[in-house]
file start07.tsv (TSV, C-alpha atoms)
chain	number	residue	atom	x	y	z
A	675	MET	CA	-67.34	-62.28	42.03
A	676	SER	CA	-64.01	-61.60	40.47
A	677	LEU	CA	-62.80	-58.06	39.84
A	678	ILE	CA	-60.64	-59.27	37.01
A	679	ASP	CA	-62.44	-60.75	34.09
A	680	GLU	CA	-61.30	-61.92	30.69
A	681	ASN	CA	-57.76	-60.61	31.12
A	682	ARG	CA	-58.82	-57.05	31.78
A	683	ILE	CA	-59.63	-55.04	34.84
A	684	ASP	CA	-63.19	-53.81	35.15
A	685	ALA	CA	-63.57	-50.08	34.99
A	686	GLY	CA	-65.36	-48.40	37.82
A	687	VAL	CA	-64.50	-50.83	40.60
A	688	GLY	CA	-61.79	-48.64	42.06
A	689	LEU	CA	-58.95	-50.92	41.02
A	690	PRO	CA	-56.39	-49.12	38.87
A	691	GLY	CA	-55.47	-50.66	35.54
A	692	PRO	CA	-51.98	-50.84	34.06
A	693	SER	CA	-50.32	-47.43	34.18
A	694	LEU	CA	-50.48	-45.34	31.04
A	695	ALA	CA	-47.99	-42.82	32.37
A	696	GLY	CA	-45.02	-41.91	30.25
A	697	VAL	CA	-41.84	-40.28	31.54
A	698	GLU	CA	-43.11	-36.93	30.26
A	699	ASP	CA	-46.14	-37.23	32.59
A	700	TYR	CA	-43.89	-37.53	35.63
A	701	VAL	CA	-41.90	-34.53	34.41
A	702	ALA	CA	-45.18	-32.60	34.06
A	703	LEU	CA	-46.06	-33.48	37.68
A	704	LEU	CA	-42.99	-31.49	38.75
A	705	LYS	CA	-44.43	-28.28	37.18
A	706	PRO	CA	-41.21	-27.50	35.25
A	707	ARG	CA	-42.13	-23.87	34.51
A	708	VAL	CA	-42.69	-23.09	38.20
A	709	MET	CA	-39.54	-25.05	38.97
A	710	SER	CA	-37.47	-22.90	36.59
A	711	LEU	CA	-38.40	-19.71	38.53
A	712	VAL	CA	-37.61	-21.50	41.81
A	713	VAL	CA	-34.21	-22.58	40.49
A	714	PHE	CA	-33.45	-19.05	39.36
A	715	THR	CA	-34.41	-17.29	42.63
A	716	THR	CA	-32.63	-19.99	44.66
A	717	LEU	CA	-29.49	-19.45	42.59
A	718	VAL	CA	-29.61	-15.73	43.39
A	719	GLY	CA	-29.95	-16.55	47.11
A	720	LEU	CA	-26.98	-18.92	46.89
A	721	VAL	CA	-24.77	-16.45	45.04
A	722	ALA	CA	-25.81	-13.39	47.09
A	723	SER	CA	-25.02	-15.15	50.35
A	724	PRO	CA	-21.94	-13.77	52.15
A	725	THR	CA	-20.55	-17.30	52.59
A	726	GLN	CA	-19.74	-19.34	49.52
A	727	ILE	CA	-19.72	-23.12	49.34
A	728	HIS	CA	-17.99	-25.34	46.80
A	729	PRO	CA	-19.66	-24.93	43.37
A	730	VAL	CA	-20.38	-28.67	43.15
A	731	LEU	CA	-22.11	-28.67	46.53
A	732	ALA	CA	-23.96	-25.48	45.54
A	733	ALA	CA	-25.17	-27.17	42.34
A	734	VAL	CA	-26.36	-30.26	44.24
A	735	SER	CA	-28.09	-28.02	46.81
A	736	LEU	CA	-29.81	-26.21	43.95
A	737	LEU	CA	-30.89	-29.58	42.51
A	738	CYS	CA	-32.33	-30.64	45.89
A	739	ILE	CA	-34.32	-27.40	46.23
A	740	ALA	CA	-35.59	-27.73	42.65
A	741	ILE	CA	-36.67	-31.35	43.28
A	742	GLY	CA	-38.35	-30.28	46.54
A	743	ALA	CA	-40.28	-27.59	44.66
A	744	GLY	CA	-41.23	-30.14	41.97
A	745	ALA	CA	-42.36	-32.60	44.64
A	746	SER	CA	-44.70	-30.04	46.15
A	747	GLY	CA	-46.08	-29.47	42.63
A	748	ALA	CA	-46.78	-33.21	42.30
A	749	LEU	CA	-48.54	-33.28	45.68
A	750	ASN	CA	-50.54	-30.21	44.65
A	751	MET	CA	-51.68	-32.02	41.49
A	752	TRP	CA	-52.57	-35.11	43.55
A	753	TRP	CA	-54.81	-33.12	45.89
A	754	ASP	CA	-56.26	-30.72	43.31
A	755	ALA	CA	-57.13	-33.24	40.56
A	756	ASP	CA	-60.86	-32.51	40.96
A	757	ILE	CA	-60.30	-28.76	40.48
A	758	ASP	CA	-57.83	-29.26	37.64
A	759	ALA	CA	-60.33	-31.46	35.78
A	760	VAL	CA	-62.86	-28.63	35.34
A	761	MET	CA	-60.44	-25.81	34.48
A	762	THR	CA	-59.44	-25.42	30.82
A	763	ARG	CA	-55.90	-24.37	31.79
A	764	THR	CA	-55.29	-27.55	33.82
A	765	LYS	CA	-57.61	-30.29	32.57
A	766	ASN	CA	-54.86	-31.96	30.54
A	767	ARG	CA	-52.57	-32.39	33.55
A	768	PRO	CA	-51.52	-36.05	34.07
A	769	VAL	CA	-53.86	-36.87	36.99
A	770	PRO	CA	-57.17	-35.35	35.74
A	771	ALA	CA	-56.40	-36.69	32.24
A	772	GLY	CA	-56.14	-40.20	33.76
A	773	ARG	CA	-52.58	-40.92	32.66
A	774	VAL	CA	-51.23	-40.95	36.23
A	775	THR	CA	-53.31	-42.30	39.10
A	776	PRO	CA	-53.68	-40.14	42.25
A	777	GLY	CA	-51.80	-42.81	44.21
A	778	GLU	CA	-48.85	-42.66	41.82
A	779	ALA	CA	-48.74	-38.86	42.07
A	780	LEU	CA	-48.88	-39.05	45.88
A	781	ALA	CA	-46.10	-41.63	46.08
A	782	PHE	CA	-43.97	-39.72	43.57
A	783	GLY	CA	-44.42	-36.42	45.44
A	784	MET	CA	-43.78	-37.88	48.91
A	785	THR	CA	-40.69	-39.80	47.80
A	786	LEU	CA	-39.14	-36.74	46.20
A	787	SER	CA	-40.12	-34.51	49.15
A	788	VAL	CA	-38.44	-36.71	51.76
A	789	GLY	CA	-35.48	-37.47	49.48
A	790	SER	CA	-34.79	-33.83	48.59
A	791	VAL	CA	-34.99	-32.63	52.22
A	792	LEU	CA	-32.69	-35.38	53.51
A	793	MET	CA	-30.23	-34.87	50.67
A	794	LEU	CA	-30.12	-31.09	51.21
A	795	GLY	CA	-29.51	-31.65	54.93
A	796	LEU	CA	-26.57	-33.94	54.18
A	797	VAL	CA	-25.10	-31.83	51.38
A	798	ALA	CA	-25.60	-28.32	52.80
A	799	ASN	CA	-26.97	-28.01	56.34
A	800	TRP	CA	-30.08	-28.83	58.35
A	801	LEU	CA	-31.30	-25.21	58.55
A	802	ALA	CA	-31.65	-25.15	54.77
A	803	ALA	CA	-33.26	-28.62	54.85
A	804	SER	CA	-35.73	-27.45	57.53
A	805	LEU	CA	-36.63	-24.37	55.47
A	806	LEU	CA	-37.17	-26.57	52.40
A	807	ALA	CA	-39.38	-28.95	54.44
A	808	PHE	CA	-41.34	-25.94	55.75
A	809	THR	CA	-41.76	-24.63	52.18
A	810	ILE	CA	-43.11	-27.97	50.94
A	811	PHE	CA	-45.42	-28.29	53.97
A	812	PHE	CA	-46.67	-24.72	53.55
A	813	TYR	CA	-47.41	-25.16	49.84
A	814	VAL	CA	-49.06	-28.57	50.11
A	815	VAL	CA	-50.86	-28.47	53.46
A	816	VAL	CA	-51.41	-24.78	54.25
A	817	TYR	CA	-52.01	-23.50	50.70
A	818	THR	CA	-53.28	-26.47	48.66
A	819	MET	CA	-55.29	-28.37	51.28
A	820	TRP	CA	-56.48	-25.50	53.44
A	821	LEU	CA	-56.37	-21.97	52.03
A	822	LYS	CA	-57.02	-22.52	48.32
A	823	ARG	CA	-60.61	-23.72	48.67
A	824	TRP	CA	-61.43	-21.63	51.73
A	825	THR	CA	-60.46	-17.98	51.37
A	826	PRO	CA	-59.83	-15.38	48.64
A	827	GLN	CA	-56.63	-14.59	50.55
A	828	ASN	CA	-55.36	-18.02	49.41
A	829	ILE	CA	-52.62	-16.80	47.12
A	830	VAL	CA	-51.68	-13.91	49.44
A	831	ILE	CA	-50.76	-16.19	52.36
A	832	GLY	CA	-49.89	-19.20	50.20
A	833	GLY	CA	-47.51	-16.99	48.22
A	834	LEU	CA	-45.03	-17.39	51.07
A	835	ALA	CA	-44.20	-20.88	49.77
A	836	GLY	CA	-43.23	-19.49	46.36
A	837	ALA	CA	-41.27	-16.69	48.02
A	838	MET	CA	-39.07	-18.90	50.20
A	839	PRO	CA	-36.53	-20.34	47.67
A	840	PRO	CA	-34.00	-17.44	47.85
A	841	MET	CA	-33.93	-17.84	51.63
A	842	VAL	CA	-33.40	-21.62	51.32
A	843	GLY	CA	-30.57	-20.97	48.86
A	844	TRP	CA	-29.05	-18.33	51.15
A	845	ALA	CA	-29.26	-20.71	54.13
A	846	ALA	CA	-27.73	-23.56	52.12
A	847	ALA	CA	-24.61	-21.44	51.57
A	848	ALA	CA	-24.41	-19.39	54.77
A	849	GLY	CA	-25.93	-21.76	57.32
A	850	SER	CA	-28.00	-18.83	58.60
A	851	VAL	CA	-30.56	-16.33	57.34
A	852	GLY	CA	-30.20	-12.57	57.32
A	853	LEU	CA	-32.09	-9.38	56.57
A	854	GLU	CA	-31.11	-9.58	52.90
A	855	ALA	CA	-32.69	-13.03	52.50
A	856	ALA	CA	-35.84	-11.83	54.29
A	857	VAL	CA	-36.13	-8.83	51.93
A	858	MET	CA	-35.86	-11.11	48.88
A	859	VAL	CA	-38.65	-13.26	50.33
A	860	ALA	CA	-40.77	-10.16	51.04
A	861	LEU	CA	-40.24	-8.94	47.48
A	862	ILE	CA	-41.59	-12.16	45.92
A	863	PHE	CA	-44.33	-12.37	48.57
A	864	MET	CA	-45.63	-8.91	47.66
A	865	TRP	CA	-45.25	-9.57	43.92
A	866	THR	CA	-47.35	-12.75	43.99
A	867	PRO	CA	-50.89	-11.34	44.57
A	868	PRO	CA	-50.94	-8.83	41.69
A	869	HIS	CA	-49.30	-11.44	39.43
A	870	PHE	CA	-51.93	-14.11	40.14
A	871	TRP	CA	-54.90	-11.74	40.37
A	872	ALA	CA	-54.07	-10.34	36.91
A	873	LEU	CA	-54.35	-13.93	35.60
A	874	ALA	CA	-57.45	-14.58	37.73
A	875	LEU	CA	-59.19	-11.54	36.18
A	876	ILE	CA	-58.81	-13.20	32.78
A	877	LYS	CA	-59.61	-16.73	33.98
A	878	SER	CA	-62.27	-15.91	36.60
A	879	ASP	CA	-64.89	-18.07	34.83
A	880	ASP	CA	-62.58	-21.06	35.17
A	881	TYR	CA	-62.06	-20.47	38.88
A	882	ALA	CA	-65.80	-19.91	39.45
A	883	ARG	CA	-66.64	-23.20	37.70
A	884	ALA	CA	-64.08	-25.03	39.82
A	885	GLY	CA	-65.42	-23.44	43.03
A	886	VAL	CA	-62.08	-21.85	43.90
A	887	PRO	CA	-62.73	-18.63	45.87
A	888	MET	CA	-60.28	-16.42	43.97
A	889	LEU	CA	-60.67	-12.71	44.68
A	890	PRO	CA	-62.41	-11.84	41.36
A	891	VAL	CA	-64.95	-14.62	42.00
A	892	VAL	CA	-65.70	-13.68	45.62
A	893	ALA	CA	-65.18	-9.90	45.81
A	894	GLY	CA	-65.67	-9.05	42.14
A	895	PRO	CA	-63.33	-7.74	39.45
A	896	ASP	CA	-63.42	-4.11	40.60
A	897	GLU	CA	-62.27	-4.93	44.14
A	898	THR	CA	-59.58	-7.15	42.60
A	899	ARG	CA	-58.37	-4.23	40.48
A	900	ARG	CA	-58.20	-2.02	43.59
A	901	GLN	CA	-56.22	-4.68	45.47
A	902	ILE	CA	-53.84	-5.15	42.52
A	903	LEU	CA	-53.10	-1.42	42.54
A	904	LEU	CA	-52.52	-1.36	46.32
A	905	TYR	CA	-50.14	-4.32	46.14
A	906	ALA	CA	-48.32	-2.77	43.17
A	907	LEU	CA	-47.79	0.42	45.20
A	908	ALA	CA	-46.53	-1.61	48.18
A	909	LEU	CA	-44.27	-3.63	45.88
A	910	PHE	CA	-42.43	-0.54	44.61
A	911	PRO	CA	-40.48	0.28	47.84
A	912	LEU	CA	-39.84	-3.42	48.47
A	913	GLY	CA	-38.38	-3.73	44.97
A	914	VAL	CA	-36.01	-0.84	45.65
A	915	ALA	CA	-35.15	-1.98	49.21
A	916	PRO	CA	-32.28	-4.40	48.27
A	917	ALA	CA	-30.28	-1.38	47.06
A	918	PHE	CA	-30.46	0.15	50.55
A	919	ILE	CA	-29.49	-2.89	52.62
A	920	GLY	CA	-26.22	-3.67	50.92
A	921	LEU	CA	-27.64	-6.29	48.54
A	922	GLY	CA	-28.03	-4.42	45.24
A	923	GLY	CA	-25.77	-1.94	43.48
A	924	VAL	CA	-26.41	1.11	41.29
A	925	ALA	CA	-27.63	-1.00	38.36
A	926	TYR	CA	-30.12	-2.73	40.63
A	927	LEU	CA	-31.35	0.61	42.00
A	928	VAL	CA	-31.97	1.95	38.48
A	929	ALA	CA	-33.62	-1.28	37.33
A	930	SER	CA	-35.86	-1.52	40.38
A	931	VAL	CA	-37.05	2.08	40.07
A	932	VAL	CA	-37.78	1.79	36.33
A	933	LEU	CA	-39.40	-1.67	36.52
A	934	GLY	CA	-41.36	-0.77	39.66
A	935	ALA	CA	-42.70	2.37	37.96
A	936	ILE	CA	-43.80	0.38	34.89
A	937	PHE	CA	-45.44	-2.20	37.17
A	938	VAL	CA	-47.44	0.54	38.91
A	939	GLU	CA	-48.36	2.08	35.53
A	940	ARG	CA	-49.67	-1.30	34.31
A	941	ALA	CA	-51.60	-1.76	37.56
A	942	VAL	CA	-53.16	1.69	37.09
A	943	ALA	CA	-54.20	0.63	33.57
A	944	VAL	CA	-55.85	-2.50	35.02
A	945	TYR	CA	-57.64	-0.29	37.57
A	946	ARG	CA	-58.90	2.12	34.91
A	947	HIS	CA	-60.01	-0.31	32.18
A	948	ARG	CA	-62.89	-2.26	33.67
A	949	ALA	CA	-64.83	-3.80	30.79
A	950	GLY	CA	-64.45	-5.59	27.49
A	951	ALA	CA	-61.32	-6.14	25.46
A	952	PRO	CA	-59.33	-3.20	26.96
A	953	ALA	CA	-59.81	-4.68	30.47
A	954	ARG	CA	-58.63	-8.12	29.37
A	955	LYS	CA	-55.71	-6.59	27.51
A	956	ALA	CA	-54.64	-4.52	30.52
A	957	ALA	CA	-54.77	-7.58	32.81
A	958	GLY	CA	-52.83	-9.66	30.27
A	959	ARG	CA	-50.19	-6.95	29.93
A	960	LEU	CA	-49.74	-6.72	33.70
A	961	PHE	CA	-49.48	-10.53	34.02
A	962	GLY	CA	-46.86	-10.72	31.26
A	963	PHE	CA	-44.88	-7.78	32.62
A	964	SER	CA	-44.94	-9.14	36.17
A	965	LEU	CA	-42.84	-12.09	34.99
A	966	ILE	CA	-40.34	-9.76	33.27
A	967	HIS	CA	-40.28	-7.53	36.38
A	968	LEU	CA	-39.32	-10.23	38.89
A	969	THR	CA	-36.98	-12.10	36.55
A	970	THR	CA	-35.07	-8.94	35.63
A	971	LEU	CA	-34.70	-7.75	39.24
A	972	PHE	CA	-33.20	-11.08	40.30
A	973	LEU	CA	-31.09	-11.27	37.13
A	974	VAL	CA	-29.54	-7.85	37.87
A	975	LEU	CA	-28.83	-8.94	41.45
A	976	LEU	CA	-27.19	-12.12	40.15
A	977	VAL	CA	-25.05	-10.35	37.56
A	978	GLU	CA	-23.95	-7.70	40.08
A	979	LYS	CA	-22.88	-10.38	42.55
A	980	LEU	CA	-21.05	-12.41	39.89
A	981	LEU	CA	-19.22	-9.28	38.65
A	982	GLY	CA	-18.44	-8.19	42.22
A	983	ALA	CA	-20.21	-4.85	41.78
A	984	PRO	CA	-20.19	-2.73	44.95
A	985	ALA	CA	-23.40	-2.35	46.92
A	986	PHE	CA	-25.23	0.95	46.56
A	987	THR	CA	-25.08	1.58	50.31
A	988	ALA	CA	-23.44	0.04	53.33
A	989	PRO	CA	-25.68	-2.55	54.96
A	990	ILE	CA	-28.20	-0.99	57.32
A	991	ALA	CA	-27.81	-4.14	59.40
A	992	GLY	CA	-24.26	-3.00	60.16
A	993	TRP	CA	-25.28	0.02	62.20
A	994	MET	CA	-28.67	-1.09	63.45
B	155	MET	CA	-49.96	-74.99	25.25
B	156	ALA	CA	-49.49	-72.46	22.47
B	157	ASP	CA	-53.23	-72.09	21.94
B	158	GLU	CA	-53.93	-71.54	25.62
B	159	GLU	CA	-55.59	-68.21	26.50
B	160	PRO	CA	-53.16	-65.86	28.27
B	161	ARG	CA	-53.90	-65.47	31.96
B	162	GLY	CA	-53.80	-62.25	33.97
B	163	VAL	CA	-53.70	-58.69	32.67
B	164	VAL	CA	-52.46	-58.42	29.08
B	165	LEU	CA	-50.71	-55.16	28.29
B	166	THR	CA	-51.20	-53.45	24.97
B	167	ASP	CA	-48.14	-52.55	22.90
B	168	GLU	CA	-48.52	-48.92	23.96
B	169	GLN	CA	-48.64	-49.87	27.64
B	170	LYS	CA	-45.54	-52.03	27.19
B	171	ARG	CA	-43.74	-49.17	25.44
B	172	ARG	CA	-44.58	-46.74	28.24
B	173	ARG	CA	-43.62	-49.23	30.94
B	174	ARG	CA	-40.27	-49.73	29.25
B	175	SER	CA	-39.64	-45.97	29.01
B	176	ARG	CA	-40.50	-45.62	32.73
B	177	SER	CA	-38.13	-48.47	33.60
B	178	VAL	CA	-35.29	-46.93	31.58
B	179	ALA	CA	-35.88	-43.51	33.18
B	180	LEU	CA	-35.94	-45.03	36.67
B	181	GLY	CA	-32.71	-46.90	35.95
B	182	LEU	CA	-31.04	-43.71	34.76
B	183	VAL	CA	-32.24	-41.81	37.85
B	184	LEU	CA	-30.89	-44.52	40.18
B	185	GLY	CA	-27.58	-44.53	38.31
B	186	ALA	CA	-27.40	-40.73	38.55
B	187	LEU	CA	-28.07	-40.95	42.30
B	188	VAL	CA	-25.14	-43.34	42.74
B	189	VAL	CA	-22.85	-40.91	40.91
B	190	LEU	CA	-24.30	-37.97	42.87
B	191	PHE	CA	-23.70	-39.60	46.26
B	192	TYR	CA	-20.16	-40.53	45.23
B	193	VAL	CA	-19.34	-37.01	44.02
B	194	VAL	CA	-20.90	-35.34	47.08
B	195	THR	CA	-18.97	-37.65	49.40
B	196	VAL	CA	-15.69	-36.78	47.70
B	197	PHE	CA	-16.34	-33.03	47.81
B	198	LYS	CA	-17.67	-33.08	51.39
B	199	MET	CA	-14.54	-34.87	52.58
B	200	GLY	CA	-12.25	-32.68	50.52
B	201	GLY	CA	-8.76	-32.41	51.99
B	202	ASN	CA	-10.02	-33.62	55.36
B	203	VAL	CA	-9.67	-37.23	54.22
B	204	ALA	CA	-5.93	-36.90	54.81
B	205	ASN	CA	-6.38	-35.06	58.12
B	206	ARG	CA	-6.64	-37.96	60.55
B	207	PRO	CA	-4.39	-39.61	63.16
B	208	LEU	CA	-2.24	-42.41	61.81

call {"tool": "encode", "arguments": {"input": "start07.tsv", "output": "structure tokens"}}
result
Amino acid sequence: MSLIDENRIDAGVGLPGPSLAGVEDYVALLKPRVMSLVVFTTLVGLVASPTQIHPVLAAVSLLCIAIGAGASGALNMWWDADIDAVMTRTKNRPVPAGRVTPGEALAFGMTLSVGSVLMLGLVANWLAASLLAFTIFFYVVVYTMWLKRWTPQNIVIGGLAGAMPPMVGWAAAAGSVGLEAAVMVALIFMWTPPHFWALALIKSDDYARAGVPMLPVVAGPDETRRQILLYALALFPLGVAPAFIGLGGVAYLVASVVLGAIFVERAVAVYRHRAGAPARKAAGRLFGFSLIHLTTLFLVLLVEKLLGAPAFTAPIAGWM
Amino acid sequence: MADEEPRGVVLTDEQKRRRRSRSVALGLVLGALVVLFYVVTVFKMGGNVANRPL
């Protein structure tokens, strides 16, 4: 029996038909919005590094890290197509919508992963390339394949992948990693849970339908609100920390105190409003502000470094 | 010959249009990679290209 009949390929026999993918579908596989935050935090790591490399090489390094982040997004969409298909937020992604086959997404993601790591190694150094490879591996294998469907701590541990870009950028310029890079990673790492849980509170039905054990689904919304508040409180000192290790200046100190206080205030509002429209509004306000919070902190760091503003204190690392 | 049924998979106009846009994009990416490798090579060598024994 032939699989191909009358100049068409039978549906349902596992043989893919001609690709319907447009260029925009491949761009969507790279998760451009996530990529933009990665590019931004990587740029801050590159600029904040004590060693500077040629701007052209810095730009190519940034491109490699962005492509690596996009590749891990494509591999995430390849693996998670079944989950994406049942969630309203993600059902129109290229793979669940049928415009890109899983095999195409896998090949696209793997090619870009290997290419971006090798290119970064050749352009910058192999420490940065190794950190980028670790980031891709952590996001795809540890988070996507293992943690996401297994534990409500998925985005807590998996958040490390999203937190790594400033350290990769720092390493690309300096060839080493320091306390400052680690603090930037810790800041994003601690920011990630309240950011995602605020969204999960609003979209918990979606996650429940997809069988993803997000905290609101497994432990309930009230426990999620308590955890959001605890993480917001822990985030405050980490947000201020760059000012005390020689990374941020006076402007950063002021911004981190003000933004950290607002973040805690929004988390308290989420904790207090537990039902109906006020609860949804409070979670939405925290989610929206969390993006402003992180973006502004890194923007102030970037501007201070570009303007050559003095650090608020001498590096602790100097006398430790 | 002209009336003969086409053999194999026949693409619709939309599929042809998308295939063409993918081909153009891939060509542009490959061209950009050539330029990128050239530029990176030049900047990595920098002044060192002249720093060699005669």

call {"tool": "atom_distance", "arguments": {"input": "start07.tsv", "atom1": "atom CA of A:Ile741", "atom2": "atom CA of A:Pro826"}}
result
28.6 Å

call {"tool": "atom_distance", "arguments": {"input": "start07.tsv", "atom1": "atom CA of B:Arg173", "atom2": "atom CA of A:Ser693"}}
result
7.7 Å

call {"tool": "atom_distance", "arguments": {"input": "start07.tsv", "atom1": "atom CA of A:Gly742", "atom2": "atom CA of A:Leu711"}}
result
13.3 Å

call {"tool": "closest_residue", "arguments": {"input": "start07.tsv", "among": "B:Arg172, B:Asn202, B:Glu159, B:Phe191", "to": "chain A", "atoms": "only C-alpha atoms"}}
result
B:Arg172

call {"tool": "closest_residue", "arguments": {"input": "start07.tsv", "among": "A:Val712, A:Val931, A:Ile876, A:Leu853", "to": "A:Ala949", "atoms": "all atoms listed in the file"}}
result
A:Ile876

call {"tool": "closest_residue", "arguments": {"input": "start07.tsv", "among": "A:Val891, A:Ala798, A:Ile739, A:Ala951", "to": "chain B", "atoms": "only C-alpha atoms"}}
result
A:Ala798

call {"tool": "closest_residue", "arguments": {"input": "start07.tsv", "among": "A:Pro776, A:Pro706, A:Gly849, A:Gly789", "to": "chain B", "atoms": "all atoms listed in the file"}}
result
A:Gly789

call {"tool": "interface_residues", "arguments": {"input": "start07.tsv", "of": "chain B", "to": "chain A", "cutoff": "9 Å", "atoms": "only C-alpha atoms", "output": "list in words"}}
result
Pro160, Arg161, Gly162, Val163, Val164, Leu165, Glu168, Gln169, Arg171, Arg172, Arg173, Ser175, Arg176, Ala179, Leu190, Val193, Val194, Thr195, Phe197 and Lys198 of chain B

call {"tool": "residues_around", "arguments": {"input": "start07.tsv", "residues": "stretch 898-901 of chain A", "least_positions_apart": "5", "cutoff": "10 Å", "atoms": "all atoms listed in the file", "output": "JSON, numbers by chain"}}
result
{"A": [867, 868, 871, 872, 874, 875, 888, 889, 890, 891, 892, 893, 906, 907, 941, 942, 943, 944, 945, 946, 947, 948, 957]}

call {"tool": "closest_residue", "arguments": {"input": "start07.tsv", "among": "A:Asp896, A:Glu854, A:Glu778, A:Asp880", "to": "A:Leu720", "atoms": "all atoms listed in the file"}}
result
A:Glu854

call {"tool": "residues_around", "arguments": {"input": "start07.tsv", "residues": "A:Ala803", "least_positions_apart": "2", "cutoff": "9 Å", "atoms": "all atoms listed in the file", "output": "number ranges by chain"}}
result
A: 739, 790-796, 798-801, 805-808, 842, 845-846

call {"tool": "residues_around", "arguments": {"input": "start07.tsv", "residues": "A:Arg763", "least_positions_apart": "4", "cutoff": "12 Å", "atoms": "all atoms listed in the file", "output": "CSV table (one decimal) with C-alpha atoms, in the frame of the given file"}}
result
chain,number,residue,atom,x,y,z
A,757,ILE,CA,-60.3,-28.8,40.5
A,758,ASP,CA,-57.8,-29.3,37.6
A,759,ALA,CA,-60.3,-31.5,35.8
A,767,ARG,CA,-52.6,-32.4,33.6
A,770,PRO,CA,-57.2,-35.4,35.7
A,873,LEU,CA,-54.4,-13.9,35.6
A,874,ALA,CA,-57.4,-14.6,37.7
A,876,ILE,CA,-58.8,-13.2,32.8
A,877,LYS,CA,-59.6,-16.7,34.0
A,878,SER,CA,-62.3,-15.9,36.6
A,879,ASP,CA,-64.9,-18.1,34.8
A,880,ASP,CA,-62.6,-21.1,35.2
A,881,TYR,CA,-62.1,-20.5,38.9
A,884,ALA,CA,-64.1,-25.0,39.8

call {"tool": "closest_residue", "arguments": {"input": "start07.tsv", "among": "A:Leu736, A:Asn828, A:Val721, A:Asp699", "to": "A:Thr775", "atoms": "all atoms listed in the file"}}
result
A:Asp699
